[in-house]
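Participant: Pasting a structure below so you can have a look.
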Amino acid sequence: MTQLINARLIDGTGTTPVDGATIAIDAFGRITHAGTGPGAMPAPDETVIDLGGRTVAPGFIDCHVHFGLGHVSELLEPPPHWASLATFQTAERLRRTLVAGVTTARDLGGLDAGYREAVTAGLVEGPRLQVAIRMISHTGGHADFTQPSGIDIDALRPQPWTEIADTVGEARIATRRVIRAGADVIKVCATGGVSSPTDQPDDEGLATDEMAAIVDEALRHRGRPVAAHAQGTSGIRNAVLAGVTSIEHGYGIDDETIDLMLEHGTILVPTLTTAATIPEPGSVPDFLYQKKIRWSALAMERVAEAIRRGVPIALGTDSGVTSHGHNLRELAYLVDLGLSPMGAIEAGTRVAARLLGLDTDLGTIEPGKLADLVVCRTDPLHGIASLADPDNILLVMQAGRLVKDRL
Ligand SMILES: [Zn+2]
């Protein structure tokens, strides 16, 4: 049982911050009171933490991470070392992400369900996880890592990323396979990509009817969300028409597809951190560098338009393709492209929780919800970029348990 007192409360609902707030948390890690006015009198054994007027916000949710990846170049090469080492590297990335203020994360390819279970069991510290496990792609598509030589790099990995489907029937079977492996979310490749050597973001990926079969199969299994990797215009449109829950990246979205997203209620996860991070020339293969320059510029223009038109935005970084542990950089990028600072916080809390289907328990600081919280050194509404530095996240609480305390 804990009470946080003297807090400036940003509750994640988008309402004006409240000064002098108290947040009371019960023994089950649930919030019993949040706001001004007296909470219950603290019991003698209760921990009381005085925040000295600092801002408390909901724990952030990153909807697009690859914890199994340390650098984008690892996607293009066979792993040089052991599965055990890769596991410990992943554990370190999970911990680094948690202390940066991310209390829940969705891994969209490359992590098996055992990591989720390990976090739940308290064997490793990290964000509460949802996992896609493998990415469903057609032969030669974004998640087919078979090189032109015929060597399949994916087959050499301890944890494969690829689930191939080339017909409507195979798309259903692929969905059932990843669900059998424990997937919380289904990841589909609706277009080619920037990091894949043999395709382009403008190439279409799975066909609309194949993705529609996947959406249907996901619906028949507890309504799991379907996340579509989609960068070029026509593939984004195909995915929205197929009924996916979120468009990941969305760099080349056109005006008509923005209309369609608004009509369907599709959420955009623009992964601006990755779009904006241009690697040093020479640090990655030239094809990747050239694609990145072109698609980064397009993303800034078209995502800004989607934000202006009111497409719902959820926070996702594609960390793994970029560095881990600076996830809240994304907030400043979202503000650069037109969201208000409060809107960016909602994208990382309330909207993200809704996308993950976790909004009954997470996403806002309200009675009845789990106490996932961060305390900021600075005022995020006047300098949102400061949250990118993990040192400015003073305290992190996950389901009522303190996992970082630098107050
Ligand atoms: Zn990704």
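Identifiers in the structure tokens: chain A, B, ... in order shown; residue index from 1 per chain; ligand index from 1 in order shown.
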Show which residues sit within 10 Å of A:Arg96, as a PDB file with C-alpha atoms, in the first residue's frame. Count only C-alpha atoms, and ignore same-chain residues fewer than 3 positions away.
Facilitator:
```
ATOM      1  CA  THR A  90      17.277  -9.193 -24.715  1.00  0.00           C
ATOM      2  CA  ALA A  91      16.878  -9.185 -20.918  1.00  0.00           C
ATOM      3  CA  GLU A  92      19.189  -6.169 -20.671  1.00  0.00           C
ATOM      4  CA  ARG A  93      17.173  -4.314 -23.346  1.00  0.00           C
ATOM      5  CA  VAL A  99      13.674   2.361 -16.504  1.00  0.00           C
ATOM      6  CA  ALA A 100      13.173   4.742 -19.452  1.00  0.00           C
ATOM      7  CA  GLY A 101       9.501   4.909 -18.419  1.00  0.00           C
ATOM      8  CA  VAL A 102       7.935   2.188 -20.610  1.00  0.00           C
ATOM      9  CA  GLU A 125      12.528  -6.955 -15.085  1.00  0.00           C
ATOM     10  CA  GLY A 126      10.944  -5.370 -18.097  1.00  0.00           C
ATOM     11  CA  PRO A 127       7.824  -3.859 -19.569  1.00  0.00           C
ATOM     12  CA  HIS A 324      16.695   0.690 -27.097  1.00  0.00           C
ATOM     13  CA  GLY A 325      15.992   2.686 -23.941  1.00  0.00           C
ATOM     14  CA  HIS A 326      15.209   6.113 -25.419  1.00  0.00           C
ATOM     15  CA  ASN A 327      11.627   5.267 -26.366  1.00  0.00           C
ATOM     16  CA  PRO A 390      15.933   8.254 -18.998  1.00  0.00           C
TER      17      PRO A 390
END
```
Participant: Step by step, measure atom-to-atom distances between ligand 1 and each residue using only C-alpha atoms and all ligand atoms, keep those at most 9 Å, then write them as a PyMOL selection string.
Facilitator: chain A and resi 64-66+107-109+229+248-249+271+317-321
Participant: List as a ChimeraX atom specification the protein and nucleic acid residues near A:Ala212, meaning an atom at most 12 Å away when only C-alpha atoms are counted, but skip any in the same chain fewer than 3 places from it.
Facilitator: /A:167-169,171-172,175,188,190,206-209,215-219,226,228,238-245
Participant: Got a sec to tell me which of stretch 5-245 of chain A DSSP assigns to strand (DSSP E or B), as a PyMOL selection string?
Facilitator: chain A and resi 5-9+18-25+30-35+47-50+55-58+60-65+102-107+128-131+135-137+146+152+162-164+186-189+191+204+226-230
Participant: Export, as a PDB file, in the first residue's frame, the selected residues with C-alpha atoms.
Facilitator:
```
ATOM      1  CA  ILE A   5       1.273  12.896  -2.311  1.00  0.00           C
ATOM      2  CA  ASN A   6       1.875  16.446  -3.541  1.00  0.00           C
ATOM      3  CA  ALA A   7       1.806  15.347  -7.205  1.00  0.00           C
ATOM      4  CA  ARG A   8       1.061  17.252 -10.379  1.00  0.00           C
ATOM      5  CA  LEU A   9      -1.251  14.708 -11.951  1.00  0.00           C
ATOM      6  CA  VAL A  18      -4.156  18.755 -11.337  1.00  0.00           C
ATOM      7  CA  ASP A  19      -1.740  20.168  -8.744  1.00  0.00           C
ATOM      8  CA  GLY A  20      -1.584  18.930  -5.171  1.00  0.00           C
ATOM      9  CA  ALA A  21      -2.958  15.518  -6.077  1.00  0.00           C
ATOM     10  CA  THR A  22      -2.782  12.303  -4.081  1.00  0.00           C
ATOM     11  CA  ILE A  23      -2.641   8.837  -5.664  1.00  0.00           C
ATOM     12  CA  ALA A  24      -3.471   5.950  -3.371  1.00  0.00           C
ATOM     13  CA  ILE A  25      -2.581   2.365  -4.325  1.00  0.00           C
ATOM     14  CA  ARG A  30      -4.608  -0.977  -8.020  1.00  0.00           C
ATOM     15  CA  ILE A  31      -5.338   2.721  -7.789  1.00  0.00           C
ATOM     16  CA  THR A  32      -8.000   3.527  -5.187  1.00  0.00           C
ATOM     17  CA  HIS A  33      -7.841   7.322  -5.376  1.00  0.00           C
ATOM     18  CA  ALA A  34      -6.350   9.835  -7.814  1.00  0.00           C
ATOM     19  CA  GLY A  35      -6.875  13.582  -7.547  1.00  0.00           C
ATOM     20  CA  THR A  47       4.527   4.012   2.350  1.00  0.00           C
ATOM     21  CA  VAL A  48       4.011   7.718   1.682  1.00  0.00           C
ATOM     22  CA  ILE A  49       6.086   9.299  -1.092  1.00  0.00           C
ATOM     23  CA  ASP A  50       6.128  13.115  -1.339  1.00  0.00           C
ATOM     24  CA  THR A  55       4.551  15.507 -12.508  1.00  0.00           C
ATOM     25  CA  VAL A  56       3.215  11.969 -12.405  1.00  0.00           C
ATOM     26  CA  ALA A  57       1.897  10.398 -15.632  1.00  0.00           C
ATOM     27  CA  PRO A  58       0.700   6.908 -16.576  1.00  0.00           C
ATOM     28  CA  PHE A  60       4.128   4.658 -21.120  1.00  0.00           C
ATOM     29  CA  ILE A  61       3.264   1.967 -23.660  1.00  0.00           C
ATOM     30  CA  ASP A  62       5.471   1.389 -26.720  1.00  0.00           C
ATOM     31  CA  CYS A  63       3.337  -0.399 -29.327  1.00  0.00           C
ATOM     32  CA  HIS A  64       6.192  -1.305 -31.684  1.00  0.00           C
ATOM     33  CA  VAL A  65       9.490  -2.736 -30.439  1.00  0.00           C
ATOM     34  CA  VAL A 102       7.935   2.188 -20.610  1.00  0.00           C
ATOM     35  CA  THR A 103       5.913  -0.127 -18.370  1.00  0.00           C
ATOM     36  CA  THR A 104       4.201  -2.049 -21.206  1.00  0.00           C
ATOM     37  CA  ALA A 105       5.529  -2.897 -24.670  1.00  0.00           C
ATOM     38  CA  ARG A 106       4.432  -4.794 -27.732  1.00  0.00           C
ATOM     39  CA  ASP A 107       7.109  -6.789 -29.529  1.00  0.00           C
ATOM     40  CA  ARG A 128       4.744  -6.088 -19.401  1.00  0.00           C
ATOM     41  CA  LEU A 129       4.830  -7.690 -22.855  1.00  0.00           C
ATOM     42  CA  GLN A 130       2.574  -8.529 -25.734  1.00  0.00           C
ATOM     43  CA  VAL A 131       4.253 -10.464 -28.533  1.00  0.00           C
ATOM     44  CA  MET A 135       5.692 -11.746 -38.997  1.00  0.00           C
ATOM     45  CA  ILE A 136       3.358 -13.109 -41.682  1.00  0.00           C
ATOM     46  CA  SER A 137       4.720 -12.324 -45.137  1.00  0.00           C
ATOM     47  CA  THR A 146      15.922 -15.729 -47.838  1.00  0.00           C
ATOM     48  CA  ASP A 152      17.624 -18.416 -45.538  1.00  0.00           C
ATOM     49  CA  THR A 162       9.269 -15.436 -40.584  1.00  0.00           C
ATOM     50  CA  GLU A 163       5.877 -17.017 -41.166  1.00  0.00           C
ATOM     51  CA  ILE A 164       5.290 -17.402 -44.917  1.00  0.00           C
ATOM     52  CA  ILE A 186      -0.855 -10.788 -35.366  1.00  0.00           C
ATOM     53  CA  LYS A 187       1.796  -8.957 -37.410  1.00  0.00           C
ATOM     54  CA  VAL A 188       1.342  -8.873 -41.184  1.00  0.00           C
ATOM     55  CA  CYS A 189       3.526  -7.383 -43.901  1.00  0.00           C
ATOM     56  CA  THR A 191       4.306  -3.755 -48.071  1.00  0.00           C
ATOM     57  CA  GLU A 204       2.636  -4.507 -52.071  1.00  0.00           C
ATOM     58  CA  VAL A 226      -3.758  -7.232 -36.323  1.00  0.00           C
ATOM     59  CA  ALA A 227      -0.807  -4.876 -36.840  1.00  0.00           C
ATOM     60  CA  ALA A 228       0.217  -4.201 -40.431  1.00  0.00           C
ATOM     61  CA  HIS A 229       3.718  -3.212 -41.434  1.00  0.00           C
ATOM     62  CA  ALA A 230       2.679  -0.769 -44.192  1.00  0.00           C
TER      63      ALA A 230
END
```
Participant: To test your reading of the structure, identify every residue in stretch 116-320 of chain A that backbone DSSP assigns to alpha helix (DSSP H), and report it as an NGL selection string.
Facilitator: :A and (116-120 or 168-180 or 208-219 or 233-242 or 255-264 or 272-276 or 286-308)
